[in-house]
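**Student:** If it helps, the file is called structure_22.txt and holds compact mmCIF, C-alpha atoms:
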```txt
# COMPACT_ATOMS: atom_id res chain seq x y z
CA MET K 696 -30.45 22.25 2.14
CA LYS K 697 -30.90 22.48 5.88
CA ILE K 698 -34.36 23.14 7.33
CA ILE K 699 -34.99 26.76 8.27
CA GLU K 700 -37.27 27.37 11.26
CA LEU K 701 -39.20 30.60 11.81
CA GLU K 702 -40.82 31.47 15.10
CA ILE K 703 -44.04 33.47 14.89
CA LYS K 704 -45.86 34.89 17.91
CA THR K 705 -49.60 35.26 17.38
CA SER K 706 -51.65 37.68 19.49
CA LYS K 707 -55.30 36.68 18.98
CA GLN K 708 -57.45 33.55 19.06
CA MET K 709 -57.84 33.76 15.30
CA GLU K 710 -55.70 35.79 12.96
CA MET K 711 -53.93 35.55 9.64
CA LEU K 712 -50.40 36.92 9.58
CA ASP K 713 -48.57 37.73 6.36
CA ILE K 714 -45.20 36.00 6.82
CA THR K 715 -43.90 36.62 3.28
CA PRO K 716 -41.19 39.07 4.46
CA GLN K 717 -39.81 36.59 7.01
CA ILE K 718 -39.70 33.81 4.41
CA ASN K 719 -37.93 35.99 1.84
CA LYS K 720 -35.43 37.15 4.48
CA ALA K 721 -34.66 33.53 5.36
CA LEU K 722 -34.15 32.64 1.68
CA GLN K 723 -31.73 35.55 1.30
CA GLU K 724 -29.78 34.76 4.47
CA ASN K 725 -29.39 31.17 3.30
CA ASN K 726 -28.57 32.25 -0.25
CA ILE K 727 -31.14 30.05 -1.93
CA ALA K 728 -31.43 31.31 -5.49
CA GLU K 729 -33.63 28.95 -7.56
CA GLY K 730 -35.85 25.98 -6.82
CA ILE K 731 -38.97 25.16 -4.88
CA CYS K 732 -39.77 25.43 -1.22
CA CYS K 733 -42.08 23.61 1.14
CA ILE K 734 -43.38 25.91 3.88
CA TYR K 735 -44.78 23.74 6.64
CA SER K 736 -46.80 24.23 9.82
CA PRO K 737 -46.07 21.50 12.39
CA HIS K 738 -49.24 22.39 14.33
CA THR K 739 -52.72 20.87 14.16
CA THR K 740 -54.67 24.08 14.92
CA CYS K 741 -52.70 26.49 12.74
CA GLY K 742 -52.38 26.29 8.95
CA LEU K 743 -50.88 28.14 6.03
CA MET K 744 -52.52 29.72 2.99
CA ILE K 745 -51.77 31.91 0.00
CA ASN K 746 -54.12 34.82 -0.78
CA GLU K 747 -54.41 38.58 -1.09
CA HIS K 748 -52.19 40.65 1.18
CA ALA K 749 -53.09 44.09 -0.20
CA ASP K 750 -56.56 44.72 1.23
CA PRO K 751 -56.98 43.39 4.80
CA THR K 752 -60.76 43.03 4.37
CA VAL K 753 -60.11 39.97 2.20
CA VAL K 754 -58.50 38.14 5.10
CA GLN K 755 -61.34 39.28 7.39
CA ASP K 756 -63.90 37.84 4.95
CA ILE K 757 -61.98 34.55 4.80
CA MET K 758 -61.92 34.28 8.60
CA GLU K 759 -65.60 35.21 9.01
CA THR K 760 -66.65 32.68 6.38
CA LEU K 761 -64.55 29.94 8.04
CA ASN K 762 -66.26 30.83 11.35
CA ARG K 763 -69.69 30.64 9.74
CA LEU K 764 -68.93 27.22 8.18
CA VAL K 765 -67.10 25.82 11.22
CA PRO K 766 -68.33 27.71 14.31
CA VAL K 767 -66.05 28.05 17.34
CA ASN K 768 -68.86 26.89 19.64
CA GLY K 769 -70.35 24.13 17.51
CA SER K 770 -71.29 20.67 18.71
CA TYR K 771 -68.04 18.68 18.77
CA ARG K 772 -66.79 15.51 20.49
CA HIS K 773 -63.20 16.55 21.18
CA LEU K 774 -63.13 17.87 24.76
CA GLU K 775 -60.39 20.48 24.43
CA GLY K 776 -62.81 23.01 22.89
CA ASN K 777 -60.68 23.63 19.82
CA SER K 778 -62.16 21.21 17.29
CA HIS K 779 -63.13 24.12 15.07
CA ALA K 780 -59.43 25.04 14.86
CA HIS K 781 -58.42 21.52 13.78
CA ILE K 782 -61.12 21.50 11.09
CA LYS K 783 -60.20 24.96 9.76
CA THR K 784 -56.58 23.83 9.58
CA VAL K 785 -57.64 20.88 7.41
CA LEU K 786 -59.63 23.20 5.12
CA VAL K 787 -56.78 25.67 4.52
CA GLY K 788 -54.01 23.05 4.72
CA SER K 789 -50.81 22.61 6.72
CA SER K 790 -48.36 23.60 4.02
CA VAL K 791 -47.84 25.73 0.94
CA HIS K 792 -45.37 25.10 -1.87
CA LEU K 793 -43.84 27.85 -3.91
CA ILE K 794 -41.34 28.56 -6.61
CA ILE K 795 -38.10 30.35 -5.66
CA GLU K 796 -36.57 32.72 -8.22
CA ASN K 797 -33.81 35.29 -7.70
CA THR K 798 -33.52 34.40 -4.00
CA GLN K 799 -37.18 35.13 -3.25
CA LEU K 800 -40.64 33.59 -3.52
CA ARG K 801 -42.16 33.95 -6.95
CA LEU K 802 -45.65 35.17 -6.05
CA GLY K 803 -48.46 36.79 -8.00
CA THR K 804 -48.89 40.55 -7.66
CA TRP K 805 -51.51 40.38 -4.92
CA GLN K 806 -50.37 37.20 -3.18
CA GLY K 807 -48.85 36.76 0.24
CA VAL K 808 -48.20 33.70 2.40
CA PHE K 809 -50.26 33.72 5.59
CA LEU K 810 -49.91 31.86 8.85
CA CYS K 811 -53.51 31.04 9.85
CA GLU K 812 -53.82 30.99 13.63
CA PHE K 813 -57.06 29.32 14.71
CA ASP K 814 -56.33 28.60 18.39
CA GLY K 815 -54.10 31.35 19.69
CA PRO K 816 -52.53 33.35 20.96
CA ARG K 817 -49.47 31.10 20.89
CA ARG K 818 -45.88 30.86 19.82
CA ARG K 819 -45.90 29.02 16.46
CA ARG K 820 -43.16 27.56 14.31
CA VAL K 821 -42.92 27.39 10.52
CA TRP K 822 -40.45 25.08 8.77
CA ILE K 823 -38.97 25.94 5.39
CA LYS K 824 -37.31 23.27 3.29
CA THR K 825 -35.89 24.19 -0.10
CA ILE K 826 -34.86 22.05 -3.03
CA LYS K 827 -32.53 23.53 -5.64
CA GLY K 828 -33.32 23.08 -9.25
CA MET Y 1356 -35.34 23.84 -14.74
CA LYS Y 1357 -36.78 27.06 -16.08
CA ILE Y 1358 -40.30 28.08 -15.14
CA ILE Y 1359 -42.92 27.30 -17.79
CA GLU Y 1360 -45.85 29.70 -18.08
CA LEU Y 1361 -49.21 28.76 -19.55
CA GLU Y 1362 -51.82 31.31 -20.51
CA ILE Y 1363 -55.44 30.23 -20.08
CA LYS Y 1364 -58.41 32.29 -21.21
CA THR Y 1365 -61.55 31.69 -19.18
CA SER Y 1366 -64.99 32.49 -20.58
CA LYS Y 1367 -67.38 32.50 -17.60
CA GLN Y 1368 -67.58 33.99 -14.11
CA MET Y 1369 -67.07 30.55 -12.64
CA GLU Y 1370 -65.74 27.52 -14.48
CA MET Y 1371 -63.33 24.66 -14.06
CA LEU Y 1372 -61.10 23.97 -17.03
CA ASP Y 1373 -59.19 20.73 -17.46
CA ILE Y 1374 -55.64 21.90 -18.25
CA THR Y 1375 -54.01 18.44 -18.13
CA PRO Y 1376 -53.30 18.38 -21.90
CA GLN Y 1377 -51.55 21.78 -21.81
CA ILE Y 1378 -49.39 20.69 -18.86
CA ASN Y 1379 -48.40 17.41 -20.51
CA LYS Y 1380 -47.58 19.23 -23.75
CA ALA Y 1381 -45.31 21.64 -21.86
CA LEU Y 1382 -43.54 18.76 -20.12
CA GLN Y 1383 -42.92 17.09 -23.48
CA GLU Y 1384 -41.70 20.28 -25.19
CA ASN Y 1385 -39.28 20.85 -22.33
CA ASN Y 1386 -38.26 17.18 -22.27
CA ILE Y 1387 -38.85 16.69 -18.54
CA ALA Y 1388 -38.83 12.94 -17.98
CA GLU Y 1389 -38.94 12.16 -14.25
CA GLY Y 1390 -39.45 14.18 -11.08
CA ILE Y 1391 -42.09 16.29 -9.44
CA CYS Y 1392 -43.80 19.45 -10.55
CA CYS Y 1393 -45.37 22.38 -8.80
CA ILE Y 1394 -48.28 23.82 -10.77
CA TYR Y 1395 -49.05 27.26 -9.43
CA SER Y 1396 -51.77 29.88 -9.83
CA PRO Y 1397 -50.41 33.41 -9.21
CA HIS Y 1398 -53.96 34.75 -8.80
CA THR Y 1399 -56.03 35.30 -5.64
CA THR Y 1400 -59.44 34.55 -7.18
CA CYS Y 1401 -58.50 31.50 -9.25
CA GLY Y 1402 -57.19 28.22 -7.87
CA LEU Y 1403 -56.16 24.75 -8.98
CA MET Y 1404 -57.55 21.35 -8.07
CA ILE Y 1405 -57.30 17.68 -8.99
CA ASN Y 1406 -60.51 15.69 -9.51
CA GLU Y 1407 -62.58 13.72 -12.01
CA HIS Y 1408 -62.37 14.80 -15.64
CA ALA Y 1409 -64.51 12.03 -17.15
CA ASP Y 1410 -68.06 13.04 -16.17
CA PRO Y 1411 -68.62 16.83 -16.30
CA THR Y 1412 -71.45 16.62 -13.73
CA VAL Y 1413 -68.82 16.06 -11.03
CA VAL Y 1414 -67.29 19.47 -11.67
CA GLN Y 1415 -70.78 21.01 -11.77
CA ASP Y 1416 -71.55 19.50 -8.36
CA ILE Y 1417 -68.26 20.82 -6.97
CA MET Y 1418 -69.04 24.34 -8.23
CA GLU Y 1419 -72.63 24.31 -6.98
CA THR Y 1420 -71.55 23.11 -3.55
CA LEU Y 1421 -68.87 25.80 -3.34
CA ASN Y 1422 -71.55 28.36 -4.26
CA ARG Y 1423 -73.87 27.03 -1.56
CA LEU Y 1424 -71.13 27.18 1.09
CA VAL Y 1425 -69.67 30.52 -0.07
CA PRO Y 1426 -72.42 32.44 -1.91
CA VAL Y 1427 -71.46 34.96 -4.57
CA ASN Y 1428 -73.76 37.55 -2.98
CA GLY Y 1429 -73.07 36.91 0.68
CA SER Y 1430 -72.38 39.56 3.29
CA TYR Y 1431 -68.72 40.49 2.89
CA ARG Y 1432 -66.51 43.44 3.89
CA HIS Y 1433 -64.24 43.57 0.82
CA LEU Y 1434 -65.74 46.18 -1.52
CA GLU Y 1435 -64.73 44.68 -4.87
CA GLY Y 1436 -67.63 42.18 -4.79
CA ASN Y 1437 -65.41 39.14 -5.30
CA SER Y 1438 -64.77 38.01 -1.73
CA HIS Y 1439 -66.48 34.72 -2.50
CA ALA Y 1440 -63.85 34.08 -5.17
CA HIS Y 1441 -60.96 34.71 -2.76
CA ILE Y 1442 -62.50 32.33 -0.21
CA LYS Y 1443 -63.17 29.59 -2.77
CA THR Y 1444 -59.55 29.90 -3.93
CA VAL Y 1445 -58.39 29.30 -0.35
CA LEU Y 1446 -60.64 26.22 -0.08
CA VAL Y 1447 -59.39 24.57 -3.28
CA GLY Y 1448 -55.83 25.90 -2.98
CA SER Y 1449 -53.47 27.88 -5.21
CA SER Y 1450 -51.26 25.00 -6.32
CA VAL Y 1451 -51.16 21.29 -7.02
CA HIS Y 1452 -48.09 19.05 -6.91
CA LEU Y 1453 -47.71 15.98 -9.01
CA ILE Y 1454 -45.32 13.24 -9.94
CA ILE Y 1455 -43.80 13.25 -13.45
CA GLU Y 1456 -43.11 9.90 -15.09
CA ASN Y 1457 -42.26 9.19 -18.74
CA THR Y 1458 -42.50 12.90 -19.64
CA GLN Y 1459 -46.06 13.27 -18.39
CA LEU Y 1460 -48.07 13.73 -15.20
CA ARG Y 1461 -48.65 10.49 -13.33
CA LEU Y 1462 -52.39 10.79 -12.60
CA GLY Y 1463 -55.04 8.35 -11.45
CA THR Y 1464 -57.36 6.93 -14.11
CA TRP Y 1465 -60.14 9.47 -13.53
CA GLN Y 1466 -58.03 12.45 -12.50
CA GLY Y 1467 -57.40 15.70 -14.30
CA VAL Y 1468 -55.84 19.01 -13.23
CA PHE Y 1469 -58.36 21.86 -13.26
CA LEU Y 1470 -57.95 25.61 -13.31
CA CYS Y 1471 -60.75 26.88 -11.05
CA GLU Y 1472 -61.93 30.28 -12.26
CA PHE Y 1473 -64.02 32.01 -9.60
CA ASP Y 1474 -63.99 35.62 -10.86
CA GLY Y 1475 -63.89 35.52 -14.64
CA PRO Y 1476 -63.90 35.76 -17.46
CA ARG Y 1477 -60.21 36.69 -17.51
CA ARG Y 1478 -56.85 35.82 -18.96
CA ARG Y 1479 -55.11 33.65 -16.34
CA ARG Y 1480 -51.57 32.37 -16.03
CA VAL Y 1481 -50.34 29.07 -14.61
CA TRP Y 1482 -46.69 28.53 -13.66
CA ILE Y 1483 -45.05 25.12 -13.86
CA LYS Y 1484 -41.80 24.44 -12.05
CA THR Y 1485 -40.26 20.99 -12.26
CA ILE Y 1486 -37.57 19.33 -10.17
CA LYS Y 1487 -35.76 16.33 -11.60
CA GLY Y 1488 -35.28 13.29 -9.46
CA MET W 144 -35.97 8.09 -6.82
CA LYS W 145 -38.44 5.44 -7.91
CA ILE W 146 -42.10 5.84 -6.99
CA ILE W 147 -43.21 3.83 -3.96
CA GLU W 148 -46.76 2.51 -3.96
CA LEU W 149 -48.70 1.64 -0.81
CA GLU W 150 -51.90 -0.36 -0.85
CA ILE W 151 -54.44 0.54 1.82
CA LYS W 152 -57.66 -1.39 2.41
CA THR W 153 -60.45 0.69 3.88
CA SER W 154 -63.33 -0.89 5.77
CA LYS W 155 -66.06 1.78 5.99
CA GLN W 156 -67.86 4.22 3.70
CA MET W 157 -66.05 7.09 5.39
CA GLU W 158 -62.97 6.80 7.54
CA MET W 159 -59.64 8.46 8.12
CA LEU W 160 -56.70 6.11 8.49
CA ASP W 161 -53.38 7.18 9.96
CA ILE W 162 -50.85 5.92 7.39
CA THR W 163 -47.78 7.58 8.95
CA PRO W 164 -46.22 4.24 10.01
CA GLN W 165 -46.52 2.78 6.50
CA ILE W 166 -44.92 5.89 4.97
CA ASN W 167 -42.03 5.89 7.44
CA LYS W 168 -41.48 2.16 6.86
CA ALA W 169 -41.30 2.75 3.08
CA LEU W 170 -38.79 5.61 3.55
CA GLN W 171 -36.61 3.35 5.69
CA GLU W 172 -36.79 0.38 3.31
CA ASN W 173 -35.78 2.66 0.44
CA ASN W 174 -33.11 4.36 2.54
CA ILE W 175 -34.27 7.90 1.83
CA ALA W 176 -32.50 10.09 4.38
CA GLU W 177 -33.13 13.78 3.59
CA GLY W 178 -35.36 15.70 1.21
CA ILE W 179 -39.02 16.24 0.54
CA CYS W 180 -41.76 13.83 -0.41
CA CYS W 181 -44.99 14.09 -2.33
CA ILE W 182 -47.62 11.70 -0.98
CA TYR W 183 -50.33 11.35 -3.59
CA SER W 184 -53.81 9.82 -3.83
CA PRO W 185 -54.63 8.79 -7.43
CA HIS W 186 -58.35 8.55 -6.56
CA THR W 187 -61.12 11.14 -6.97
CA THR W 188 -63.16 10.12 -3.90
CA CYS W 189 -60.33 9.63 -1.43
CA GLY W 190 -57.92 12.35 -0.27
CA LEU W 191 -55.04 12.90 2.11
CA MET W 192 -54.68 15.26 5.05
CA ILE W 193 -52.39 16.09 7.94
CA ASN W 194 -53.89 16.56 11.42
CA GLU W 195 -53.97 15.23 14.97
CA HIS W 196 -53.44 11.50 15.42
CA ALA W 197 -53.42 11.42 19.23
CA ASP W 198 -57.11 11.85 20.12
CA PRO W 199 -59.47 10.03 17.71
CA THR W 200 -62.34 12.43 18.50
CA VAL W 201 -60.56 15.07 16.41
CA VAL W 202 -60.87 12.94 13.28
CA GLN W 203 -64.51 12.19 14.16
CA ASP W 204 -65.23 15.92 14.43
CA ILE W 205 -63.54 16.54 11.07
CA MET W 206 -65.64 13.83 9.40
CA GLU W 207 -68.91 14.98 10.99
CA THR W 208 -68.27 18.58 9.97
CA LEU W 209 -67.47 17.54 6.39
CA ASN W 210 -70.75 15.57 6.38
CA ARG W 211 -72.66 18.60 7.67
CA LEU W 212 -71.14 20.88 5.00
CA VAL W 213 -71.34 18.34 2.16
CA PRO W 214 -74.13 15.85 2.99
CA VAL W 215 -73.94 12.32 1.60
CA ASN W 216 -77.54 12.59 0.40
CA GLY W 217 -77.57 16.14 -0.89
CA SER W 218 -79.00 17.30 -4.19
CA TYR W 219 -76.35 16.49 -6.81
CA ARG W 220 -76.27 16.02 -10.60
CA HIS W 221 -73.69 13.21 -10.82
CA LEU W 222 -75.65 9.96 -11.01
CA GLU W 223 -73.22 7.63 -9.24
CA GLY W 224 -74.38 8.84 -5.81
CA ASN W 225 -70.87 9.75 -4.62
CA SER W 226 -70.68 13.45 -5.49
CA HIS W 227 -70.24 14.27 -1.81
CA ALA W 228 -67.07 12.15 -1.84
CA HIS W 229 -65.61 14.01 -4.82
CA ILE W 230 -66.31 17.36 -3.16
CA LYS W 231 -64.82 16.32 0.19
CA THR W 232 -61.72 15.12 -1.65
CA VAL W 233 -61.35 18.59 -3.21
CA LEU W 234 -61.72 20.23 0.23
CA VAL W 235 -59.04 18.11 1.94
CA GLY W 236 -56.85 17.73 -1.16
CA SER W 237 -55.34 14.86 -3.13
CA SER W 238 -51.79 15.15 -1.84
CA VAL W 239 -49.64 16.20 1.09
CA HIS W 240 -46.01 17.29 0.97
CA LEU W 241 -43.61 16.80 3.79
CA ILE W 242 -40.02 17.18 4.82
CA ILE W 243 -37.89 14.04 5.25
CA GLU W 244 -35.21 14.07 7.94
CA ASN W 245 -33.23 11.12 9.34
CA THR W 246 -35.09 8.66 7.09
CA GLN W 247 -38.53 9.64 8.37
CA LEU W 248 -41.21 12.28 7.96
CA ARG W 249 -40.52 15.41 9.98
CA LEU W 250 -43.93 15.96 11.59
CA GLY W 251 -45.17 18.11 14.46
CA THR W 252 -45.72 16.36 17.81
CA TRP W 253 -49.45 15.76 17.29
CA GLN W 254 -49.47 15.34 13.51
CA GLY W 255 -50.15 12.25 11.45
CA VAL W 256 -50.81 11.72 7.74
CA PHE W 257 -54.32 10.40 7.08
CA LEU W 258 -55.87 8.66 4.11
CA CYS W 259 -59.39 10.13 3.91
CA GLU W 260 -61.78 7.53 2.53
CA PHE W 261 -65.06 9.13 1.44
CA ASP W 262 -66.54 6.38 -0.76
CA GLY W 263 -65.46 3.03 0.67
CA PRO W 264 -64.89 0.41 1.57
CA ARG W 265 -62.29 -0.08 -1.18
CA ARG W 266 -58.73 -0.99 -1.90
CA ARG W 267 -56.83 2.32 -2.27
CA ARG W 268 -53.36 3.17 -3.45
CA VAL W 269 -51.01 5.92 -2.26
CA TRP W 270 -47.96 7.00 -4.28
CA ILE W 271 -44.84 8.33 -2.62
CA LYS W 272 -42.26 10.24 -4.63
CA THR W 273 -39.19 11.59 -2.89
CA ILE W 274 -36.66 14.19 -3.96
CA LYS W 275 -33.28 14.25 -2.25
CA GLY W 276 -31.86 17.52 -1.09
```
Take the structure in the file and write it out as structure tokens.
**Tutor:**
Amino acid sequence: MKIIELEIKTSKQMEMLDITPQINKALQENNIAEGICCIYSPHTTCGLMINEHADPTVVQDIMETLNRLVPVNGSYRHLEGNSHAHIKTVLVGSSVHLIIENTQLRLGTWQGVFLCEFDGPRRRRVWIKTIKG
Amino acid sequence: MKIIELEIKTSKQMEMLDITPQINKALQENNIAEGICCIYSPHTTCGLMINEHADPTVVQDIMETLNRLVPVNGSYRHLEGNSHAHIKTVLVGSSVHLIIENTQLRLGTWQGVFLCEFDGPRRRRVWIKTIKG
Amino acid sequence: MKIIELEIKTSKQMEMLDITPQINKALQENNIAEGICCIYSPHTTCGLMINEHADPTVVQDIMETLNRLVPVNGSYRHLEGNSHAHIKTVLVGSSVHLIIENTQLRLGTWQGVFLCEFDGPRRRRVWIKTIKG
């Protein structure tokens, strides 16, 4: 299958955006019924994660804990001032991999797929590659 | 291939259960010889990881370090009291992806696949989706 | 497709080696044009990650932060003295999953695939399994 590219505009330095609806829309438009998909962030300061999308305080707690563990203004070597964002991206990961069923992501009841912006605001891209099966 | 569902009963608030035998049994019952598989946790307070299954002190050290970094009774916004479990799930991840060879997981000598319960005890599910190739 | 095995020799206790060229060379030698690939570390003290390969200070900051969060000489139960390496491997992960396009990894501009040695120096292996599609 061809690679689908989403464009996501973030509006804060750090935020986690639920992009599940955009992914499901892309699967439907491309008529991808069953298989797996690789959802991939081609950025080094912006990752992807799966977690609760029902109560927004969960995402706030995740972000605050990441900031406590990897402070924005820590002591880093990299001179661009965004080392914290690179490290947070490594901790959450650059991709998520999900099952497709009935032309949509098969997620748990409380799960959503989040773009994790750690060095915004920026225009970000997400690549979706599906494999039938 | 159809999606295989395992049911795993956890018995503690936090524990890591080696589910490699159950996964291999499912691959054999479904006669899946070669390919890759996506092993997926549909929960937001329970993840999956790959690490050493020989010496149980390794898993204890992993759990104690996760508790030091993300304390159970930290200062969190989410009112259900299990924010730590959501954050730990993000750090270990909600899925693992492995190679299948000769109708079983191709793992390193010391590796096992662990269900990481962070908010138990509960009845958990694990989904397995395989792609031949 | 058959499983490709790379052999990587590390030279320090902790280091992150950009193995993108070796992976792309293997994809070309095996003539794998389009699909996805699972890049897998069969070790429990050595992981894989995706992040910036342009400025080496980024990787230094990632390693120093991992050492601050999970000290080499912390208080651990496992008697082999390398618990920190197991825990770091869990935090970065044992595999990465990428899109293949035009017989090479489709990566973002600044991204490389790194072998993360946490308990070297050693001879390490990396498995590559590709699925066409």
**Student:** With the cut-off set at 12 Å and counting only C-alpha atoms, tabulate each residue of stretch 1368-1441 of chain Y with an atom at most that distance from an atom of stretch 729-748 of chain K, showing the nearest atom pair and its distance in Å to one decimal, ordered by chain and increasing number, as JSON lines.
**Tutor:**
```
{"residue": "Y:Ile1391", "atom": "CA", "partner": "K:Ile731", "partner_atom": "CA", "distance": 10.5}
{"residue": "Y:Cys1392", "atom": "CA", "partner": "K:Ile731", "partner_atom": "CA", "distance": 9.4}
{"residue": "Y:Cys1393", "atom": "CA", "partner": "K:Ile731", "partner_atom": "CA", "distance": 8.0}
{"residue": "Y:Ile1394", "atom": "CA", "partner": "K:Ile731", "partner_atom": "CA", "distance": 11.1}
{"residue": "Y:Tyr1395", "atom": "CA", "partner": "K:Ile745", "partner_atom": "CA", "distance": 10.9}
{"residue": "Y:Ser1396", "atom": "CA", "partner": "K:Ile745", "partner_atom": "CA", "distance": 10.0}
{"residue": "Y:Pro1397", "atom": "CA", "partner": "K:Asn746", "partner_atom": "CA", "distance": 9.3}
{"residue": "Y:His1398", "atom": "CA", "partner": "K:Asn746", "partner_atom": "CA", "distance": 8.0}
{"residue": "Y:Thr1399", "atom": "CA", "partner": "K:Asn746", "partner_atom": "CA", "distance": 5.2}
{"residue": "Y:Thr1400", "atom": "CA", "partner": "K:Asn746", "partner_atom": "CA", "distance": 8.3}
{"residue": "Y:Cys1401", "atom": "CA", "partner": "K:Asn746", "partner_atom": "CA", "distance": 10.1}
{"residue": "Y:Gly1402", "atom": "CA", "partner": "K:Asn746", "partner_atom": "CA", "distance": 10.2}
{"residue": "Y:His1433", "atom": "CA", "partner": "K:Glu747", "partner_atom": "CA", "distance": 11.2}
{"residue": "Y:Asn1437", "atom": "CA", "partner": "K:Glu747", "partner_atom": "CA", "distance": 11.8}
{"residue": "Y:Ser1438", "atom": "CA", "partner": "K:Glu747", "partner_atom": "CA", "distance": 10.4}
{"residue": "Y:Ala1440", "atom": "CA", "partner": "K:Asn746", "partner_atom": "CA", "distance": 10.7}
{"residue": "Y:His1441", "atom": "CA", "partner": "K:Asn746", "partner_atom": "CA", "distance": 7.1}
```
**Student:** Can you check which parts of chain W lie within 10 Å of chain K? Per residue, the shortest pair of atoms and distance in Å to one decimal, counting all atoms listed in the file, sorted by chain and number, as JSON lines.
**Tutor:**
```
{"residue": "W:Glu177", "atom": "CA", "partner": "K:Met696", "partner_atom": "CA", "distance": 9.0}
{"residue": "W:Gly178", "atom": "CA", "partner": "K:Ile826", "partner_atom": "CA", "distance": 7.7}
{"residue": "W:Ile179", "atom": "CA", "partner": "K:Lys824", "partner_atom": "CA", "distance": 7.7}
{"residue": "W:Cys180", "atom": "CA", "partner": "K:Cys733", "partner_atom": "CA", "distance": 9.9}
{"residue": "W:Leu191", "atom": "CA", "partner": "K:Val785", "partner_atom": "CA", "distance": 9.9}
{"residue": "W:Met192", "atom": "CA", "partner": "K:Val785", "partner_atom": "CA", "distance": 6.8}
{"residue": "W:Ile193", "atom": "CA", "partner": "K:Ser789", "partner_atom": "CA", "distance": 6.8}
{"residue": "W:Asn194", "atom": "CA", "partner": "K:Thr739", "partner_atom": "CA", "distance": 5.2}
{"residue": "W:Glu195", "atom": "CA", "partner": "K:Thr739", "partner_atom": "CA", "distance": 5.8}
{"residue": "W:His196", "atom": "CA", "partner": "K:Thr739", "partner_atom": "CA", "distance": 9.5}
{"residue": "W:Asp198", "atom": "CA", "partner": "K:His773", "partner_atom": "CA", "distance": 7.8}
{"residue": "W:Pro199", "atom": "CA", "partner": "K:His773", "partner_atom": "CA", "distance": 8.3}
{"residue": "W:Thr200", "atom": "CA", "partner": "K:His773", "partner_atom": "CA", "distance": 5.0}
{"residue": "W:Val201", "atom": "CA", "partner": "K:His773", "partner_atom": "CA", "distance": 5.6}
{"residue": "W:Val202", "atom": "CA", "partner": "K:Ile782", "partner_atom": "CA", "distance": 8.8}
{"residue": "W:Gln203", "atom": "CA", "partner": "K:Arg772", "partner_atom": "CA", "distance": 7.5}
{"residue": "W:Asp204", "atom": "CA", "partner": "K:Tyr771", "partner_atom": "CA", "distance": 5.9}
{"residue": "W:Ile205", "atom": "CA", "partner": "K:Ile782", "partner_atom": "CA", "distance": 5.5}
{"residue": "W:Met206", "atom": "CA", "partner": "K:Ile782", "partner_atom": "CA", "distance": 9.1}
{"residue": "W:Glu207", "atom": "CA", "partner": "K:Tyr771", "partner_atom": "CA", "distance": 8.7}
{"residue": "W:Thr208", "atom": "CA", "partner": "K:Val765", "partner_atom": "CA", "distance": 7.4}
{"residue": "W:Leu209", "atom": "CA", "partner": "K:Ile782", "partner_atom": "CA", "distance": 8.8}
{"residue": "W:Arg211", "atom": "CA", "partner": "K:Leu764", "partner_atom": "CA", "distance": 9.4}
{"residue": "W:Leu212", "atom": "CA", "partner": "K:Leu764", "partner_atom": "CA", "distance": 7.4}
{"residue": "W:Lys231", "atom": "CA", "partner": "K:Leu786", "partner_atom": "CA", "distance": 9.9}
{"residue": "W:Val233", "atom": "CA", "partner": "K:Leu786", "partner_atom": "CA", "distance": 9.7}
{"residue": "W:Leu234", "atom": "CA", "partner": "K:Leu786", "partner_atom": "CA", "distance": 6.1}
{"residue": "W:Val235", "atom": "CA", "partner": "K:Leu786", "partner_atom": "CA", "distance": 6.0}
{"residue": "W:Gly236", "atom": "CA", "partner": "K:Gly788", "partner_atom": "CA", "distance": 8.4}
{"residue": "W:Val239", "atom": "CA", "partner": "K:Ser790", "partner_atom": "CA", "distance": 8.1}
{"residue": "W:His240", "atom": "CA", "partner": "K:Ser790", "partner_atom": "CA", "distance": 7.4}
{"residue": "W:Leu241", "atom": "CA", "partner": "K:Cys733", "partner_atom": "CA", "distance": 7.5}
{"residue": "W:Ile242", "atom": "CA", "partner": "K:Lys824", "partner_atom": "CA", "distance": 6.8}
{"residue": "W:Ile243", "atom": "CA", "partner": "K:Lys824", "partner_atom": "CA", "distance": 9.5}
{"residue": "W:Glu244", "atom": "CA", "partner": "K:Ile698", "partner_atom": "CA", "distance": 9.1}
{"residue": "W:Arg249", "atom": "CA", "partner": "K:Pro737", "partner_atom": "CA", "distance": 8.6}
{"residue": "W:Leu250", "atom": "CA", "partner": "K:Pro737", "partner_atom": "CA", "distance": 6.0}
{"residue": "W:Gly251", "atom": "CA", "partner": "K:Pro737", "partner_atom": "CA", "distance": 4.1}
{"residue": "W:Thr252", "atom": "CA", "partner": "K:Pro737", "partner_atom": "CA", "distance": 7.5}
{"residue": "W:Trp253", "atom": "CA", "partner": "K:Thr739", "partner_atom": "CA", "distance": 6.8}
{"residue": "W:Gln254", "atom": "CA", "partner": "K:Thr739", "partner_atom": "CA", "distance": 6.4}
{"residue": "W:Gly255", "atom": "CA", "partner": "K:Thr739", "partner_atom": "CA", "distance": 9.4}
{"residue": "W:Ile274", "atom": "CA", "partner": "K:Ile826", "partner_atom": "CA", "distance": 8.1}
{"residue": "W:Lys275", "atom": "CA", "partner": "K:Ile826", "partner_atom": "CA", "distance": 8.0}
{"residue": "W:Gly276", "atom": "CA", "partner": "K:Ile826", "partner_atom": "CA", "distance": 5.8}
```
**Student:** In Å to one decimal, how far is atom CA of Y:Glu1370 from atom CA of Y:Arg1477?
**Tutor:**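 Result for atom CA of Y:Arg1477 versus atom CA of Y:Glu1370: 11.1 Å, one decimal.
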**Student:** To one decimal place in Å, what is the distance between atom CA of W:Phe261 and atom CA of W:Ile151?
**Tutor:**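 We find that atom CA of W:Phe261 and atom CA of W:Ile151 lie 13.7 Å from each other.
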